[in-house]
Each structure stands twice: as C-alpha cells, then as structure tokens.
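Inspection log for the structure reproduced underneath, given as structure tokens.
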Amino acid sequence: MAGSDFDQAQAARFATLALDCVHKPYPTKIAHSLNSDADVKPPRELTPAFYGCYDWHSSVHGHWLLVRLARLFPQAPFASAARRAVAQSLTPANIGPEVKYLNDEGRNTFERPYGLAWLLQLAAELKEWNDPEARQWSAALRPLEQAATARIAAWLPKLGHPVRVGEHANTAFAMGLMLDYARVTGNQEFGKLVESRARDFYLKDRNCPLSYEPSGEDFLSPCLAEADVVRRILPAGEFAQWLTSFLPRVDLEPTRVADVTDGKLYHLAGLNLSRAWMLEGIVSRLPAADARRKTFTALAGQLRQAGLDSIKGEHYEGGHWLGSFAVYLVSGRGLR
C-alpha cells in the first residue's frame with residue numbers, strides 16, 4: 001500500500017531523477033573483469049541495457065523505478081517518457097549482450113547479490129503489470145532474469161555464512177527482494193531455496209548489536225534487514241517471539257550527511273529510507289496487539305522524513321539512486 005503522502009507530484013520528482021540518468025553514460029563507475037583487450041569498452045557497449053545511473057545496479061533499479069511509477073500513475077505526464085526510456089533499454093538486442101556479459105568467464109561475482117536482487121525486483125514488477133508493453137519488456141528481460149536466478153541458485157548453497165554489512169554485499173536485504181520476486185512470479189523452486197538459506201542463516205540469531213550501527217558508509221541496516229527478511233518467512237506469533245530475542249531494543253535516530261558531494265557519505269541518506277521501510281515491514285508482521293507497532297511506526301515516520309528531505313537531484317552522487325529507495329518506501333513495495 002502506498003503511503004498517504006505519495007502523490008503524482010512526488011512521483012514526478014522521483015521519475016525525473018531516473019529519467020535523467022538511465023541513459024546517461026558518464027560519469028560512470030564499473031566493476032569490470034577484463035579477459036582480454038577486447039573487453040576494453042565503454043559500459044554502453046558492455047551492458048547496453050543497464051549502463052547509466054553511474055553503475056549497473058543503480059541503472060537496474062532506476063528502470064524499476066520508472067516501471068513502478070508508470071504502473072502506479074499511468075495517466076501522469078511523466079508516464080510516456082518513462083515508457084519510452086524502458087522500451088529503449090529492454091529489447092532483445094540489448095538483453096542478449098547483458099546475458100553474455102554476466103555469464104562470461106571471471107564474472108561469477110558480478111553484482112552479487114545486490115544488483116541481481118534488484119534485477120529480479122524489476123522482473124517481478126513487470127510480471128505484475130497487466131499491460132501489453134510490460135509483457136513485451138518482461139519477455140525481453142526473461143533471459144537475463146533466468147541467468148540471474150541460475151547464478152544465485154549456484155551460489156547460495158555454497159555460502160557458509162551470511163554477509164552482515166551495511167552495503168551492497170548484505171545478504172538479508174537481497175534475500176528479501178529475492179523472496180518477493182519468487183512469490184510474485186510463482187518460481188517455487190527458487191523461493192524454497194532462498195527461504196531455506198534464510199532459515200539457516202538467521203533463525204538462531206539473538207541480540208543483534210544495533211548499537212554498533214551505522215558504520216560510516218552504510219545504506220542498509222544489517223539488524224533491521226535481517227528482521228525484515230525473517231518476517232517474510234515466519235507466522236506473526238513466531239516472528240514476534242523471534243524479534244524479542246533478536247532485537248530486545250530498537251533505539252535509532254535519523255542519520256545526517258556531512259557532505260552530499262561525497263558519494264560514500266551520501267549513503268547515510270539512503271539508510272534513513274531503508275530503515276524506514278524495514279521497520280514498516282516488521283510492523284506489518286507483528287500481531288495487532290503488539291505494543292511495538294506504535295513505537296516502530298513513529299520511528300519509521302521520522303526516518304522517512306529525514307530520508308526524503310536528503311534527496312537533492314543536483315547532486316548526482318545521491319540523485320542517481322536515492323529516488324529508487326524513496327519510491328520503494330513511499331509506494332509500499334515491500335508490503336504485500
């Protein structure tokens with residue numbers, strides 16, 4: 001369910017951030033394994049669907065943002081531009097090289113798990129949209145979607161321990177997106193694998209050190225991300241008991257960004273947004289009479305406002321990705 005403050009004007013602001021970057025080739029940052037001189041190419045040739053927005057994963061969730069907003073606001077003035085941008089990117093001619101790039105030698109860790117999880121979120125959004133063009137884009141994306149699930153399915157059984165950081169490698173956050181994808185698309189085999197590993201990784205955890213958070217460049221909360229994925233796999237009563245042992249106290253304050261021109265420091269603006277949606281997810285699974293619901297909801301509201309106030313489109317270091325986090329939050333994407 002979308003937040004009550006989420007309207008077309010707000011959506012237009014976030015759509016503009018994505019439209020300004022999904023086909024912007026520079027500046028760019030790539031994590032690129034070269035196998036030969038032939039691999040020395042610009043990103044628009046290496047990954048022709050997702051080369052803008054500074055890096056591959058931000059381009060992916062920038063496209064997700066455009067699909068989600070065009071789906072939620074089909075008559076908005078920005079919707080036609082969003083459709084054109086997505087149509088330009090999600091073609092068989094562009095997705096074919098993306099699949100080849102992902103599967104080439106030496107790239108088994110490419111965008112794992114964060115970027116691949118967002119790719120599956122894009123696939124899920126397209127699957128849910130009953131629209132002729134969306135069905136075309138979904139079909140075009142399908143080979144890359146299959147390559148991503150195969151990559152994750154080969155990796156998760158070998159992962160001996162979860163990754164508990166506040167940045168891209170965090171497994172709990174990615175597994176939440178993966179579970180939502182599996183349930184939207186009906187991919188039961190993939191969903192069973194992700195849920196099984198989440199149970200292995202997290203159900204025995206106790207006393208998460210929330211007081212140690214955040215690290216200086218976090219955009220995710222390791223403790224809240226874990227609770228947010230566990231609420232997806234436990235009944236309400238069991239989850240409430242687990243949460244009491246895992247997070248006996250939740251004391252947080254909004255983070256502040258000291259320098260918005262520093263891309264890493266700007267991560268802390270996104271942390272406010274992701275903490276807010278994770279708290280809302282936790283509340284959605286707590287029993288109706290649980291006293292924590294009121295406290296967590298109020299805290300989520302404070303974090304939401306701080307995060308939204310931090311989004312400045314003139315600073316590309318944050319503008320190229322924070323819009324996606326904002327839309328995920330204010331449109332209630334993680335709440336089903």
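Residues are named by chain letter and number: chains run A, B, ... in the order of the structure tokens, numbers start at 1 in each chain, and ligands are numbered from 1 in the order shown.
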Near region 182-191 of chain A, 10 Å: region 55-123 of chain A residue rows, closest pairs, only C-alpha atoms, as CSV:
```
residue,atom,partner,partner_atom,distance
A:Leu120,CA,A:Ala182,CA,8.6
A:Gln121,CA,A:Val184,CA,9.5
A:Ala123,CA,A:Thr185,CA,8.5
```
Discussion item. Neighbouring residues of region 285-297 of chain A were defined as those with any atom within 7 Å, considering only C-alpha atoms; residues of the same chain fewer than 4 positions away were excluded. Please report them as a PyMOL selection string.
Written reply: chain A and resi 231+236-237+240+279-281+301
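Taking CA of Ser331 (chain A) as the reference point, CA of Lys127 (chain A) is found at 17.3 Å.
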Practice prompt. Rounded to one decimal place, report the CA of Pro162 (chain A)-CA of Arg197 (chain A) distance in Å.
Written response: 9.0 Å
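For Ser80 (chain A), the non-local neighbours within 12 Å, defined as residues at least 3 positions apart in the same chain or in other chains and counting only C-alpha atoms, are Ala12, Ala15, Leu19, Leu66, Val67, Leu69, Ala70, Arg71, Phe73, Pro74, Gln75, Ala76, Pro77, Arg83, Arg84, Ala85, Val86, Ala87 and Glu133 of chain A.
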Write the selection just made, keeping N, CA, C and O atoms, as a PDB file, in the first residue's frame?
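File produced: result39.pdb:
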```
ATOM      1  N   ALA A  12       6.462  12.379  -9.777  1.00  0.00           N
ATOM      2  CA  ALA A  12       7.114  13.063 -10.894  1.00  0.00           C
ATOM      3  C   ALA A  12       8.539  13.471 -10.537  1.00  0.00           C
ATOM      4  O   ALA A  12       9.454  13.387 -11.364  1.00  0.00           O
ATOM      5  N   ALA A  15      10.586  10.296 -10.721  1.00  0.00           N
ATOM      6  CA  ALA A  15      10.708   9.854 -12.111  1.00  0.00           C
ATOM      7  C   ALA A  15      11.759  10.679 -12.842  1.00  0.00           C
ATOM      8  O   ALA A  15      12.547  10.145 -13.643  1.00  0.00           O
ATOM      9  N   LEU A  19      14.845   9.374 -15.069  1.00  0.00           N
ATOM     10  CA  LEU A  19      14.886   9.729 -16.490  1.00  0.00           C
ATOM     11  C   LEU A  19      16.169  10.476 -16.836  1.00  0.00           C
ATOM     12  O   LEU A  19      16.681  10.357 -17.950  1.00  0.00           O
ATOM     13  N   LEU A  66      11.069   3.517 -12.873  1.00  0.00           N
ATOM     14  CA  LEU A  66      10.242   4.009 -13.980  1.00  0.00           C
ATOM     15  C   LEU A  66       9.071   3.073 -14.253  1.00  0.00           C
ATOM     16  O   LEU A  66       7.948   3.527 -14.515  1.00  0.00           O
ATOM     17  N   VAL A  67       9.320   1.772 -14.201  1.00  0.00           N
ATOM     18  CA  VAL A  67       8.231   0.813 -14.407  1.00  0.00           C
ATOM     19  C   VAL A  67       7.199   0.951 -13.299  1.00  0.00           C
ATOM     20  O   VAL A  67       5.991   0.991 -13.563  1.00  0.00           O
ATOM     21  N   LEU A  69       6.489   3.512 -11.301  1.00  0.00           N
ATOM     22  CA  LEU A  69       5.743   4.759 -11.331  1.00  0.00           C
ATOM     23  C   LEU A  69       4.804   4.837 -12.535  1.00  0.00           C
ATOM     24  O   LEU A  69       3.682   5.348 -12.420  1.00  0.00           O
ATOM     25  N   ALA A  70       5.236   4.332 -13.674  1.00  0.00           N
ATOM     26  CA  ALA A  70       4.339   4.309 -14.835  1.00  0.00           C
ATOM     27  C   ALA A  70       3.158   3.380 -14.588  1.00  0.00           C
ATOM     28  O   ALA A  70       2.046   3.629 -15.073  1.00  0.00           O
ATOM     29  N   ARG A  71       3.389   2.330 -13.835  1.00  0.00           N
ATOM     30  CA  ARG A  71       2.313   1.408 -13.482  1.00  0.00           C
ATOM     31  C   ARG A  71       1.340   2.038 -12.490  1.00  0.00           C
ATOM     32  O   ARG A  71       0.119   1.900 -12.621  1.00  0.00           O
ATOM     33  N   PHE A  73       0.963   5.343 -11.839  1.00  0.00           N
ATOM     34  CA  PHE A  73       0.418   6.624 -12.321  1.00  0.00           C
ATOM     35  C   PHE A  73       0.378   6.623 -13.850  1.00  0.00           C
ATOM     36  O   PHE A  73       1.086   7.397 -14.505  1.00  0.00           O
ATOM     37  N   PRO A  74      -0.448   5.766 -14.450  1.00  0.00           N
ATOM     38  CA  PRO A  74      -0.415   5.601 -15.918  1.00  0.00           C
ATOM     39  C   PRO A  74      -0.815   6.847 -16.694  1.00  0.00           C
ATOM     40  O   PRO A  74      -0.423   6.989 -17.861  1.00  0.00           O
ATOM     41  N   GLN A  75      -1.577   7.755 -16.086  1.00  0.00           N
ATOM     42  CA  GLN A  75      -2.015   8.964 -16.777  1.00  0.00           C
ATOM     43  C   GLN A  75      -1.136  10.177 -16.464  1.00  0.00           C
ATOM     44  O   GLN A  75      -1.415  11.269 -16.968  1.00  0.00           O
ATOM     45  N   ALA A  76      -0.118  10.023 -15.668  1.00  0.00           N
ATOM     46  CA  ALA A  76       0.736  11.151 -15.298  1.00  0.00           C
ATOM     47  C   ALA A  76       1.537  11.641 -16.505  1.00  0.00           C
ATOM     48  O   ALA A  76       1.871  10.854 -17.400  1.00  0.00           O
ATOM     49  N   PRO A  77       1.866  12.920 -16.542  1.00  0.00           N
ATOM     50  CA  PRO A  77       2.654  13.447 -17.670  1.00  0.00           C
ATOM     51  C   PRO A  77       3.980  12.739 -17.879  1.00  0.00           C
ATOM     52  O   PRO A  77       4.453  12.635 -19.010  1.00  0.00           O
ATOM     53  N   ARG A  83       7.871   5.208 -20.159  1.00  0.00           N
ATOM     54  CA  ARG A  83       7.674   4.087 -21.066  1.00  0.00           C
ATOM     55  C   ARG A  83       8.715   4.097 -22.196  1.00  0.00           C
ATOM     56  O   ARG A  83       9.267   3.050 -22.555  1.00  0.00           O
ATOM     57  N   ARG A  84       8.974   5.262 -22.760  1.00  0.00           N
ATOM     58  CA  ARG A  84       9.951   5.343 -23.850  1.00  0.00           C
ATOM     59  C   ARG A  84      11.340   4.928 -23.371  1.00  0.00           C
ATOM     60  O   ARG A  84      12.080   4.229 -24.090  1.00  0.00           O
ATOM     61  N   ALA A  85      11.693   5.362 -22.168  1.00  0.00           N
ATOM     62  CA  ALA A  85      13.015   5.022 -21.648  1.00  0.00           C
ATOM     63  C   ALA A  85      13.151   3.519 -21.421  1.00  0.00           C
ATOM     64  O   ALA A  85      14.176   2.914 -21.770  1.00  0.00           O
ATOM     65  N   VAL A  86      12.123   2.908 -20.844  1.00  0.00           N
ATOM     66  CA  VAL A  86      12.172   1.468 -20.603  1.00  0.00           C
ATOM     67  C   VAL A  86      12.182   0.705 -21.921  1.00  0.00           C
ATOM     68  O   VAL A  86      12.934  -0.270 -22.086  1.00  0.00           O
ATOM     69  N   ALA A  87      11.373   1.159 -22.877  1.00  0.00           N
ATOM     70  CA  ALA A  87      11.320   0.494 -24.184  1.00  0.00           C
ATOM     71  C   ALA A  87      12.663   0.579 -24.905  1.00  0.00           C
ATOM     72  O   ALA A  87      13.051  -0.351 -25.632  1.00  0.00           O
ATOM     73  N   GLU A 133       2.744  -3.511 -23.296  1.00  0.00           N
ATOM     74  CA  GLU A 133       4.169  -3.193 -23.395  1.00  0.00           C
ATOM     75  C   GLU A 133       4.959  -3.859 -22.271  1.00  0.00           C
ATOM     76  O   GLU A 133       6.071  -4.349 -22.501  1.00  0.00           O
TER      77      GLU A 133
END
```
